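Here is the structure we will look at, set down as structure tokens.
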Amino acid sequence: MMQHVHLVPEEEEDDLYSGYNEYNPTYDTEDLENDTAFQQAVKTSYGRRPPVTAKVPGTAARPLGTGFGDGVARPMTAVRAAGYSKRALRGSAFDPLGQSRVPVSPLETKNEDAPEETIRQLEKQVNELIEESCIAKSNGDLKTALDKAKEAGRKERVLVRQREQILSPENINLDLTYSVLLNLATQYSANEMYAEALNTYQVIVKNKMFSHAGRLKVNMANIYLKQKNYSKAIKYYRMALDQIPGAHKEMRIKIMQNIGVTFIKTGQYTDAITSFEHIMSESPNLKAGYNLILSYFAVGDRDKMKKAFHKLIGAPLGIDDEEKYISPGDDPHTNLVIEAIKNDSLHQMERERKALAEKYIMTAAKLIAPVIENSFDAGYDWCVDAVKTSQYVELANDLEINKAITYLRQKNFSQAVETLKMFEKKDSRVKSAAATNLSFLYFLENEPTQADLYSDLAVAADRYNPLALTNKGNAVFINKDYDKAAEYYKEALRNDSSCTEALYNLGLTYKKLNRLEESLDCFLKLHAILRNSAQVLSQIASLYELLEDPNQALEWLMQLISIVPTDSQALAKLGELYDTEGDKTQAFQYYCESYRYFPSNIEVIEWLGAYYIDTQFCEKAIKYFERAALIQPTQVKWQLMVASCYRRSGNYQKALEKYKDIHRKFPDNVECLRFLVRLCTDIGLKEVQEYATKLKKAEKMKELKEQRVRSGRDSSARSRKDGREGSASSDSGQSSGTSSKGDRLSAKLKTLPGANDPYEASSNKDIDVSYTDPLGPQVERPKTAARRKVEEEEFADEELGEDLLPE
């Protein structure tokens with residue numbers, strides 16, 4: 001194929017850039033379909049050198065596929081490419097028009113084995129590990145955060161060694177090293193590995209190549225403060241303060257505040273006052289003002305306390321006026337904006353800051369009021385007057401109400417009522433709060449009418465006050481209108497679902513209405529709010545017992561005694577439930593614990609005495625019945641049980657003395673006289689006839705009393721009551737001291753002599769000296785010899801004579 005040569009005129013031969021503005025048919029893309037060279041180049045596969053069209057000796061063949069039809073030469077733009085050479089690009093020449101002899105791949109692959117690429121990959125891995133460590137710490141996974149931080153440290157050391165081998169030491173990435181060490185120290189501190197954290201911080205601080213590392217001494221001081229090493233904490237805080245420039249005013253103020261708090265912990269109140277006074281003069285804030293009041297209170301300086309209180313209420317809050325949240329008119333766009341910002345995060349932060357300020361001021365007022373003046377009243381009035389002239393004007397009423405509550409805690413009810421009654425003409429919110437407290441006061445003083453009156457006033461002043469509704473429900477509850485009380489409690493919960501008082505009282509109301517499932521649901525919800533409330537756990541256990549689920553009742557009672565292990569009532573209830581389930585061993589354990597913490601519970605004493613009688617240890621039961629006799633000295637049954645225990649254990653002399661003592665205290669007691677006659681007969685004493693005569697007289701008196709009781713039942717209710725008391729006194733006080741729990745006790749204690757007396761003696765008959773033991777028939781003791789089985793087998797077929805049997 002012939003080559004088309006572009007001829008240049010002689011006068012333009014020296015102009016290398018001529019012809020650029022002329023039209024050249026070479027660039028005519030419309031005729032490419034007829035260009036044989038171009039079509040042949042298109043058909044050539046990738047990676048194969050296209051065929052050459054001419055082989056002229058001594059010249060290189062021009063490859064096809066360059067886009068220039070008919071061999072038109074490329075116009076020259078420079079003698080040599082600027083800065084690009086074949087050697088510099090290592091074989092891949094810069095040839096955008098494809099004039100090179102060897103075609104180059106469009107995407108050149110990177111050399112991953114290059115040292116620079118390895119270093120870049122290591123840096124990327126270290127940064128990723130630091131990020132993962134920080135994310136794990138923010139999620140609360142402290143162990144994973146520490147592991148990631150350690151791994152980042154290991155990889156960073158490998159990276160440093162490789163950099164030193166390949167590049168010069170000046171090229172080490174100090175920022176990455178600083179980030180790895182700081183993150184590692186932070187994670188050590190978060191995992192309470194304070195020694196390791198301090199060592200890591202020391203590595204950063206001592207390295208002079210890290211600029212501004214001195215401020216990390218604040219972190220070290222914080223660790224020393226956690227370790228209660230106050231002297232070192234103050235030292236490092238001061239070192240950090242010296243290294244932070246004055247331009248960073250806020251940081252310096254925070255460090256000085258930490259120094260002041262540390263001085264308070266060490267009891268150096270004068271130094272703390274110096275720090276806080278400087279803060280309040282440079283940049284006053286709530287925390288510093290509150291701590292300054294505490295320091296002056298500790299040193300007892302009245303005047304300085306007043307000045308510090310003025311500084312506290314004058315500290316700026318940094319909160320805009322609340323009017324920006326009020327809709328100005330009917331502009332829909334403005335209304336939408338205001339509605340959007342009413343509860344945004346910024347407004348929530350403002351509310352939290354204001355609530356914190358009110359908390360500090362209220363606490364400070366309650367602290368200094370009793371000491372800044374001669375009396376508590378005068379001190380509180382001074383605080384109220386100071387608050388009224390500040391930006392916290394609305395706190396004055398809260399302080400007044402708090403003053404009344406303080407009177408209440410001091411049990412000065414008259415002053416509390418007088419203070420609260422001053423709010424009857426105030427605005428609705430304050431009036432409702434005062435009426436709520438007044439209702440509660442009258443409720444405590446057992447004046448339900450006044451309590452109901454003020455609860456109505458509180459509800460009328462603020463219908464959405466949950467405490468007022470709760471007090472109103474309490475007033476209705478006292479009148480036993482449980483359905484209406486439940487409605488008030490539910491309304492209080494609708495207004496404030498976290499009102500625990502209303503929820504607790506609602507559970508009690510449902511319990512009164514025998515709606516046990518709903519009551520249980522209330523207390524379970526309350527348990528989710530108050531996890532360790534002993535009252536709530538006790539109510540849940542009681543409800544499960546009423547629902548006949550003893551296993552659940554036992555579980556909740558076990559939770560209860562884990563919180564209050566010395567509660568004798570809870571321990572006694574556990575013993576009662578185990579006794580119901582038939583587990584006497586566990587029941588005995590919990591009854592003993594209950595008796596140890598409260599040895600005056602008659603039911604527990606009675607159960608323990610019965611248990612020892614059941615197990616044939618009558619001598620151990622004596623001390624419990626003696627305790628019961630001390631608690632109820634007018635009840636003869638406990639003393640009769642003591643005497644029976646002495647007799648059953650074989651100590652007849654003690655038994656006789658005890659019966660004589662009982663006879664002196666209760667000369668008309670028939671059962672005691674019968675035992676005396678029987679014992680004197682068995683022992684052969686001369687007093688038998690004397691006691692027999694007294695027994696006849698006592699039996700006659702008993703019959704006369706019984707007749708009077710029967711006649712009194714038909715006459716009037718009062719005589720019936722008197723007759724019942726007379727019968728009770730003659731029947732050894734059998735009616736008192738019994739309880740529902742007695743149904744589960746041993747039958748031995750139920751067979752006490754009394755109404756169902758087994759002895760029916762009369763004056764016309766001979767004296768019957770037979771008796772029934774109040775502790776029940778004596779059970780034969782089990783044989784405890786070491787060779788019991790052998791002996792049983794040895795005498796299995798033989799009858800023992802009466803002389804061999806135990807007496």
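Chain labels follow the order of the structure tokens: the first chain is A, the next B, and so on; residue numbering restarts at 1 in every chain, and ligands are counted from 1 in their shown order.
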- For A:Tyr659, work out the shell of residues within 7 Å, counting only C-alpha atoms and skipping chain neighbours fewer than 3 positions away, then give it as a list in words.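 Contacts, with the query itself left out: Ala643, Ala655, Leu656, Ile662, His663, Cys672 and Leu676 of chain A.
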Identify, on the basis of only C-alpha atoms, every residue whose closest approach to A:Ile204 does not exceed 9 Å; exclude the query and any residue fewer than 3 positions from it along the same chain; express the result as a PDB file with N, CA and C atoms, in the first residue's frame.
ATOM      1  N   TYR A 178       1.110   7.442  68.093  1.00  0.00           N
ATOM      2  CA  TYR A 178       0.417   8.150  69.181  1.00  0.00           C
ATOM      3  C   TYR A 178      -1.011   7.621  69.340  1.00  0.00           C
ATOM      4  N   LEU A 181      -0.979   4.060  70.998  1.00  0.00           N
ATOM      5  CA  LEU A 181      -0.667   4.090  72.431  1.00  0.00           C
ATOM      6  C   LEU A 181      -1.789   4.718  73.247  1.00  0.00           C
ATOM      7  N   LEU A 182      -2.360   5.816  72.753  1.00  0.00           N
ATOM      8  CA  LEU A 182      -3.439   6.475  73.489  1.00  0.00           C
ATOM      9  C   LEU A 182      -4.666   5.570  73.594  1.00  0.00           C
ATOM     10  N   ASN A 199       1.481   2.964  82.882  1.00  0.00           N
ATOM     11  CA  ASN A 199       2.734   2.704  82.167  1.00  0.00           C
ATOM     12  C   ASN A 199       2.645   3.159  80.716  1.00  0.00           C
ATOM     13  N   THR A 200       1.497   2.900  80.084  1.00  0.00           N
ATOM     14  CA  THR A 200       1.320   3.312  78.681  1.00  0.00           C
ATOM     15  C   THR A 200       1.300   4.826  78.562  1.00  0.00           C
ATOM     16  N   TYR A 201       0.619   5.494  79.495  1.00  0.00           N
ATOM     17  CA  TYR A 201       0.624   6.963  79.462  1.00  0.00           C
ATOM     18  C   TYR A 201       2.037   7.520  79.678  1.00  0.00           C
ATOM     19  N   ASN A 207       7.994  10.626  75.778  1.00  0.00           N
ATOM     20  CA  ASN A 207       8.499  10.745  74.415  1.00  0.00           C
ATOM     21  C   ASN A 207       8.353  12.201  73.953  1.00  0.00           C
ATOM     22  N   LYS A 208       9.459  12.878  73.804  1.00  0.00           N
ATOM     23  CA  LYS A 208       9.426  14.300  73.443  1.00  0.00           C
ATOM     24  C   LYS A 208       9.020  14.530  71.999  1.00  0.00           C
ATOM     25  N   PHE A 210       6.314  13.463  70.747  1.00  0.00           N
ATOM     26  CA  PHE A 210       4.862  13.670  70.738  1.00  0.00           C
ATOM     27  C   PHE A 210       4.571  15.064  71.273  1.00  0.00           C
ATOM     28  N   ALA A 213       1.689  16.167  74.349  1.00  0.00           N
ATOM     29  CA  ALA A 213       1.371  14.954  75.111  1.00  0.00           C
ATOM     30  C   ALA A 213       1.245  15.242  76.598  1.00  0.00           C
ATOM     31  N   GLY A 214       1.705  16.419  77.039  1.00  0.00           N
ATOM     32  CA  GLY A 214       1.657  16.732  78.461  1.00  0.00           C
ATOM     33  C   GLY A 214       0.251  16.800  79.013  1.00  0.00           C
ATOM     34  N   LEU A 216      -2.006  14.785  78.599  1.00  0.00           N
ATOM     35  CA  LEU A 216      -2.472  13.449  78.994  1.00  0.00           C
ATOM     36  C   LEU A 216      -2.221  13.183  80.474  1.00  0.00           C
TER      37      LEU A 216
END
- stretch 146-150 of chain A surroundings by only C-alpha atoms, 6 Å radius, close-in-sequence under 3 positions cut, as a list in words: Leu129, Ser133, Lys143, Gly153, Leu184 and Gln187 of chain A
Dump of N, CA and C atoms for the selected residues, as an mmCIF file, in the first residue's frame:
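The resulting file, selection05.cif, is reproduced below:
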data_model
loop_
_atom_site.group_PDB
_atom_site.id
_atom_site.type_symbol
_atom_site.label_atom_id
_atom_site.label_comp_id
_atom_site.auth_asym_id
_atom_site.auth_seq_id
_atom_site.Cartn_x
_atom_site.Cartn_y
_atom_site.Cartn_z
ATOM 1 N N LEU A 129 -8.086 -1.632 63.210
ATOM 2 C CA LEU A 129 -8.128 -2.217 64.556
ATOM 3 C C LEU A 129 -8.435 -1.147 65.610
ATOM 4 N N SER A 133 -11.654 -1.211 68.013
ATOM 5 C CA SER A 133 -11.501 -1.127 69.471
ATOM 6 C C SER A 133 -12.393 -0.040 70.057
ATOM 7 N N LYS A 143 -13.618 -6.076 76.998
ATOM 8 C CA LYS A 143 -12.573 -7.082 76.764
ATOM 9 C C LYS A 143 -12.167 -7.105 75.290
ATOM 10 N N GLY A 153 -1.416 -2.556 68.621
ATOM 11 C CA GLY A 153 -0.075 -2.244 69.090
ATOM 12 C C GLY A 153 0.970 -3.186 68.516
ATOM 13 N N LEU A 184 -4.656 2.292 73.500
ATOM 14 C CA LEU A 184 -4.323 1.182 74.400
ATOM 15 C C LEU A 184 -4.422 1.613 75.864
ATOM 16 N N GLN A 187 -8.093 1.911 76.851
ATOM 17 C CA GLN A 187 -8.751 0.622 77.052
ATOM 18 C C GLN A 187 -8.281 -0.045 78.342
#
- Would you list the contacts of stretch 486-498 of chain A as a ChimeraX atom specification, taking every protein, DNA or RNA residue within 6 Å and counting only C-alpha atoms, but skipping same-chain residues closer than 2 positions in sequence? /A:464,466,469-470,473,483-484,500,502,506
- Looking only at the backbone, which of the residues in stretch 573-731 of chain A does DSSP tag as alpha helix (DSSP H), as a PyMOL selection string? chain A and resi 573-580+584-597+602-614+618-631+636-648+652-665+670-683+688-715+717-730
- Message: Need the shell around A:Glu277: protein/DNA/RNA residues with any atom at most 10 Å away, counting only C-alpha atoms. Skip same-chain ones fewer than 5 positions apart. Format as number ranges by chain?
- Response: A: 260, 271-272, 282-284, 288-289, 292, 308, 311
Would you mind exporting C-alpha atoms of the selected residues as a compact mmCIF listing (two decimals), in the first residue's frame?
# COMPACT_ATOMS: atom_id res chain seq x y z
CA GLY A 260 -10.78 21.34 94.18
CA ASP A 271 -7.23 24.79 99.40
CA ALA A 272 -10.49 23.60 97.86
CA GLU A 282 -13.23 33.43 86.13
CA SER A 283 -15.99 31.21 84.76
CA PRO A 284 -18.82 30.57 87.26
CA ALA A 288 -18.15 24.78 91.25
CA GLY A 289 -20.68 26.95 93.12
CA LEU A 292 -17.86 26.00 97.16
CA ALA A 308 -21.49 31.39 97.92
CA LYS A 311 -22.90 33.08 93.52
